[in-house]
$ cat structure_20.cif   # mmCIF, C-alpha atoms
data_final
loop_
_atom_site.label_atom_id
_atom_site.label_comp_id
_atom_site.auth_asym_id
_atom_site.auth_seq_id
_atom_site.Cartn_x
_atom_site.Cartn_y
_atom_site.Cartn_z
CA MET A 47 100.39 217.72 195.60
CA ALA A 48 99.85 215.13 192.86
CA VAL A 49 99.01 217.87 190.35
CA GLY A 50 102.27 219.66 191.20
CA ARG A 51 104.30 216.49 190.61
CA LEU A 52 102.54 215.87 187.32
CA ALA A 53 103.20 219.44 186.21
CA LEU A 54 106.87 219.11 187.19
CA ALA A 55 107.17 215.84 185.24
CA VAL A 56 105.60 217.45 182.15
CA VAL A 57 107.91 220.46 182.36
CA LEU A 58 111.00 218.22 182.74
CA ALA A 59 109.91 216.08 179.77
CA LEU A 60 109.48 219.19 177.62
CA VAL A 61 112.89 220.55 178.63
CA VAL A 62 114.62 217.25 177.84
CA ALA A 63 112.82 216.93 174.49
CA ALA A 64 113.56 220.56 173.58
CA CYS A 65 117.31 220.18 174.11
CA GLY A 66 117.46 217.27 171.63
CA TRP A 67 118.42 214.55 174.12
CA GLN A 68 117.61 211.00 173.01
CA LEU A 69 118.07 207.54 174.44
CA ARG A 70 121.13 205.75 173.06
CA GLY A 71 120.15 203.97 169.87
CA ALA A 72 116.94 205.99 169.48
CA GLY A 73 118.34 208.42 166.91
CA GLY A 74 119.67 207.74 163.47
CA GLY A 75 123.28 208.26 164.48
CA GLY A 76 124.09 210.21 161.33
CA PHE A 77 122.76 207.59 158.90
CA GLU A 78 119.65 209.48 157.71
CA GLY A 79 119.57 209.25 153.92
CA VAL A 80 123.21 208.11 153.66
CA PRO A 81 123.79 205.48 150.94
CA VAL A 82 125.66 202.55 152.55
CA ALA A 83 126.98 199.35 150.96
CA ILE A 84 127.86 196.19 152.85
CA GLY A 85 130.91 194.23 151.73
CA GLY A 86 133.01 191.33 152.87
CA SER A 87 132.70 187.59 153.00
CA ILE A 88 129.80 187.19 155.40
CA ASP A 89 126.77 184.94 155.31
CA ASN A 90 123.43 186.22 154.05
CA ARG A 91 121.74 186.13 157.46
CA PHE A 92 124.39 188.43 158.94
CA SER A 93 124.32 190.73 155.91
CA ASN A 94 120.51 190.87 155.98
CA ARG A 95 120.47 191.66 159.70
CA LEU A 96 123.03 194.47 159.23
CA ALA A 97 121.02 195.87 156.29
CA GLU A 98 117.83 195.71 158.39
CA ARG A 99 119.51 197.62 161.23
CA LEU A 100 120.84 200.24 158.77
CA ARG A 101 117.37 200.75 157.29
CA GLY A 102 116.03 201.15 160.83
CA LEU A 103 118.44 204.10 161.16
CA ASP A 104 117.07 205.58 157.90
CA ALA A 105 120.17 204.72 155.85
CA THR A 106 119.78 203.77 152.20
CA VAL A 107 121.32 200.32 151.70
CA VAL A 108 122.74 199.99 148.18
CA GLU A 109 124.23 196.97 146.42
CA GLN A 110 127.18 198.59 144.67
CA ALA A 111 130.06 200.42 146.36
CA ALA A 112 129.98 202.95 143.50
CA ASP A 113 126.51 204.03 144.64
CA ALA A 114 127.49 204.32 148.32
CA ARG A 115 128.96 207.14 150.34
CA VAL A 116 130.50 204.60 152.72
CA VAL A 117 131.15 200.86 152.51
CA ILE A 118 131.09 198.77 155.68
CA GLU A 119 133.51 195.94 154.96
CA ILE A 120 132.94 193.00 157.32
CA LEU A 121 136.26 191.21 157.65
CA GLU A 122 135.18 188.62 160.22
CA ALA A 123 132.21 187.80 162.43
CA SER A 124 132.74 184.99 164.90
CA SER A 125 131.66 183.58 168.23
CA ARG A 126 133.51 181.46 170.75
CA ARG A 127 132.47 179.56 173.85
CA ARG A 128 134.74 178.83 176.78
CA THR A 129 134.29 177.21 180.15
CA VAL A 130 134.59 179.70 183.01
CA ALA A 131 133.66 177.46 185.97
CA THR A 132 133.62 173.74 186.73
CA ASP A 133 131.95 171.68 189.42
CA ALA A 134 133.66 169.31 191.87
CA ASP A 135 133.69 166.53 189.25
CA GLY A 136 135.41 168.73 186.66
CA PHE A 137 132.32 169.25 184.49
CA ALA A 138 131.47 172.70 183.17
CA SER A 139 129.08 174.60 185.41
CA GLU A 140 129.28 177.94 183.58
CA TYR A 141 130.20 179.05 180.08
CA GLU A 142 131.13 182.37 178.57
CA LEU A 143 130.07 183.17 175.03
CA ARG A 144 131.99 185.84 173.11
CA TYR A 145 131.01 187.45 169.84
CA GLN A 146 133.20 189.73 167.77
CA ILE A 147 132.98 191.61 164.50
CA ARG A 148 136.10 192.88 162.75
CA PHE A 149 135.33 195.51 160.13
CA SER A 150 136.70 198.45 158.21
CA LEU A 151 135.18 201.44 156.51
CA ARG A 152 136.04 202.73 153.12
CA ALA A 153 134.74 205.50 150.98
CA GLY A 154 132.25 204.56 148.32
CA GLY A 155 131.83 206.14 144.90
CA ARG A 156 129.62 208.93 146.30
CA ALA A 157 131.97 209.86 149.14
CA GLY A 158 133.15 213.36 149.75
CA PRO A 159 136.84 214.28 149.51
CA ASP A 160 137.21 214.18 153.30
CA GLN A 161 136.26 210.49 153.60
CA ALA A 162 139.03 207.93 153.66
CA THR A 163 139.53 204.31 154.52
CA PHE A 164 139.90 203.58 158.21
CA SER A 165 141.99 200.74 159.58
CA SER A 166 140.16 197.68 160.76
CA GLN A 167 138.36 197.83 164.08
CA THR A 168 136.88 195.14 166.27
CA VAL A 169 133.80 195.23 168.47
CA ARG A 170 133.31 192.53 171.10
CA THR A 171 130.48 191.43 173.33
CA SER A 172 130.32 188.63 175.88
CA ALA A 173 127.99 187.02 178.40
CA SER A 174 128.07 184.08 180.78
CA TYR A 175 125.40 181.47 181.30
CA PRO A 176 125.04 178.39 183.55
CA ALA A 177 125.65 174.91 182.18
CA ASP A 178 123.02 172.26 182.86
CA PRO A 179 124.51 168.84 182.06
CA GLY A 180 121.07 167.26 182.46
CA ASN A 181 119.49 169.45 179.77
CA LEU A 182 121.78 169.58 176.75
CA GLN A 183 119.02 170.52 174.33
CA GLY A 184 117.88 173.41 176.54
CA ARG A 185 121.48 174.56 176.97
CA ASP A 186 122.00 174.58 173.20
CA ALA A 187 118.81 176.60 172.66
CA GLU A 188 119.85 179.08 175.36
CA GLU A 189 123.30 179.39 173.79
CA GLU A 190 121.81 180.08 170.37
CA ASP A 191 119.50 182.77 171.80
CA LEU A 192 122.43 184.34 173.64
CA ARG A 193 124.57 184.22 170.47
CA ARG A 194 121.84 186.07 168.56
CA ASP A 195 121.57 188.71 171.34
CA LEU A 196 125.35 189.16 171.39
CA ARG A 197 125.40 189.53 167.60
CA ASP A 198 122.75 192.24 167.80
CA ASP A 199 124.68 194.02 170.59
CA ALA A 200 127.88 193.84 168.51
CA LEU A 201 126.01 195.24 165.48
CA GLN A 202 124.78 198.13 167.63
CA LEU A 203 128.37 198.86 168.70
CA LEU A 204 129.54 198.68 165.08
CA LEU A 205 126.80 201.06 163.90
CA SER A 206 127.58 203.45 166.73
CA ARG A 207 131.22 203.62 165.65
CA VAL A 208 130.33 203.98 161.98
CA GLY A 209 127.75 206.68 162.74
CA ARG A 210 130.40 208.83 164.44
CA ARG A 211 132.50 208.72 161.25
CA LEU A 212 129.73 210.01 158.97
#
$ encode --input "structure_20.cif" --output "structure tokens"
Amino acid sequence: MAVGRLALAVVLALVVAACGWQLRGAGGGGFEGVPVAIGGSIDNRFSNRLAERLRGLDATVVEQAADARVVIEILEASSRRRTVATDADGFASEYELRYQIRFSLRAGGRAGPDQATFSSQTVRTSASYPADPGNLQGRDAEEEDLRRDLRDDALQLLLSRVGRRL
């Protein structure tokens, strides 16, 4: 019986692999070998993280728009915290952290004739976390970790949208 289950699992794995199915985020999303430039007024950490993610998708990150097929123009990247629940004394008991990236795409110098500039788009991510008034330092560290995770999630959403346009 166990051998039959193992054989069935192997056959199913081969069928899934043969049809080209991949987990979301596992493939290159159309970036393989595509020269991409990053523009906009963003800090170096954000730009470096975006470039790292692009390289992970096998894109070629270039400095100049003239050398790129597409330019990802980051118009704004921001986060915001708001109180979503309070305790009986009126103190925050839960916060929500939101992260958003507003961006546009434009054709670089190596773009084909069918590539144009797209209007700005926004990707948003959010998560809630409990507030611990007795542990402000721990809360701040948790918020910073969550902000980094939300940024990475927003970058994944951005790259998914860009990849569909290539």
$ closest_residue --input "structure_20.cif" --among "A:Arg211, A:Ile84, A:Ala177, A:Phe77" --to "Ala138 of chain A" --atoms "all atoms listed in the file"
A:Ala177
$ resolve_selection --input "structure_20.cif" --expression "the PyMOL selection byres ((chain A and resi 190-200) around 9)" --output "VMD selection string"
chain A and resid 92 95 to 96 123 125 143 to 147 169 to 173 175 185 to 189 201 to 205
$ closest_residue --input "structure_20.cif" --among "A:Phe149, A:Phe164, A:Gly155, A:Gly136" --to "Pro179 of chain A" --atoms "all atoms listed in the file"
A:Gly136
$ residues_around --input "structure_20.cif" --residues "Ser174 of chain A" --least-positions-apart "5" --cutoff "7 Å" --atoms "all atoms listed in the file" --output "PDB file with C-alpha atoms, keeping the file's coordinate frame"
ATOM      1  CA  GLU A 140     129.280 177.940 183.580  1.00  0.00           C
ATOM      2  CA  TYR A 141     130.200 179.050 180.080  1.00  0.00           C
ATOM      3  CA  GLU A 142     131.130 182.370 178.570  1.00  0.00           C
ATOM      4  CA  LEU A 143     130.070 183.170 175.030  1.00  0.00           C
TER       5      LEU A 143
END
$ atom_distance --input "structure_20.cif" --atom1 "atom CA of Pro81 of chain A" --atom2 "atom CA of Arg148 of chain A"
21.2 Å
$ closest_residue --input "structure_20.cif" --among "A:Gly86, A:Ile118, A:Ser206, A:Pro176" --to "Ala131 of chain A" --atoms "only C-alpha atoms"
A:Pro176
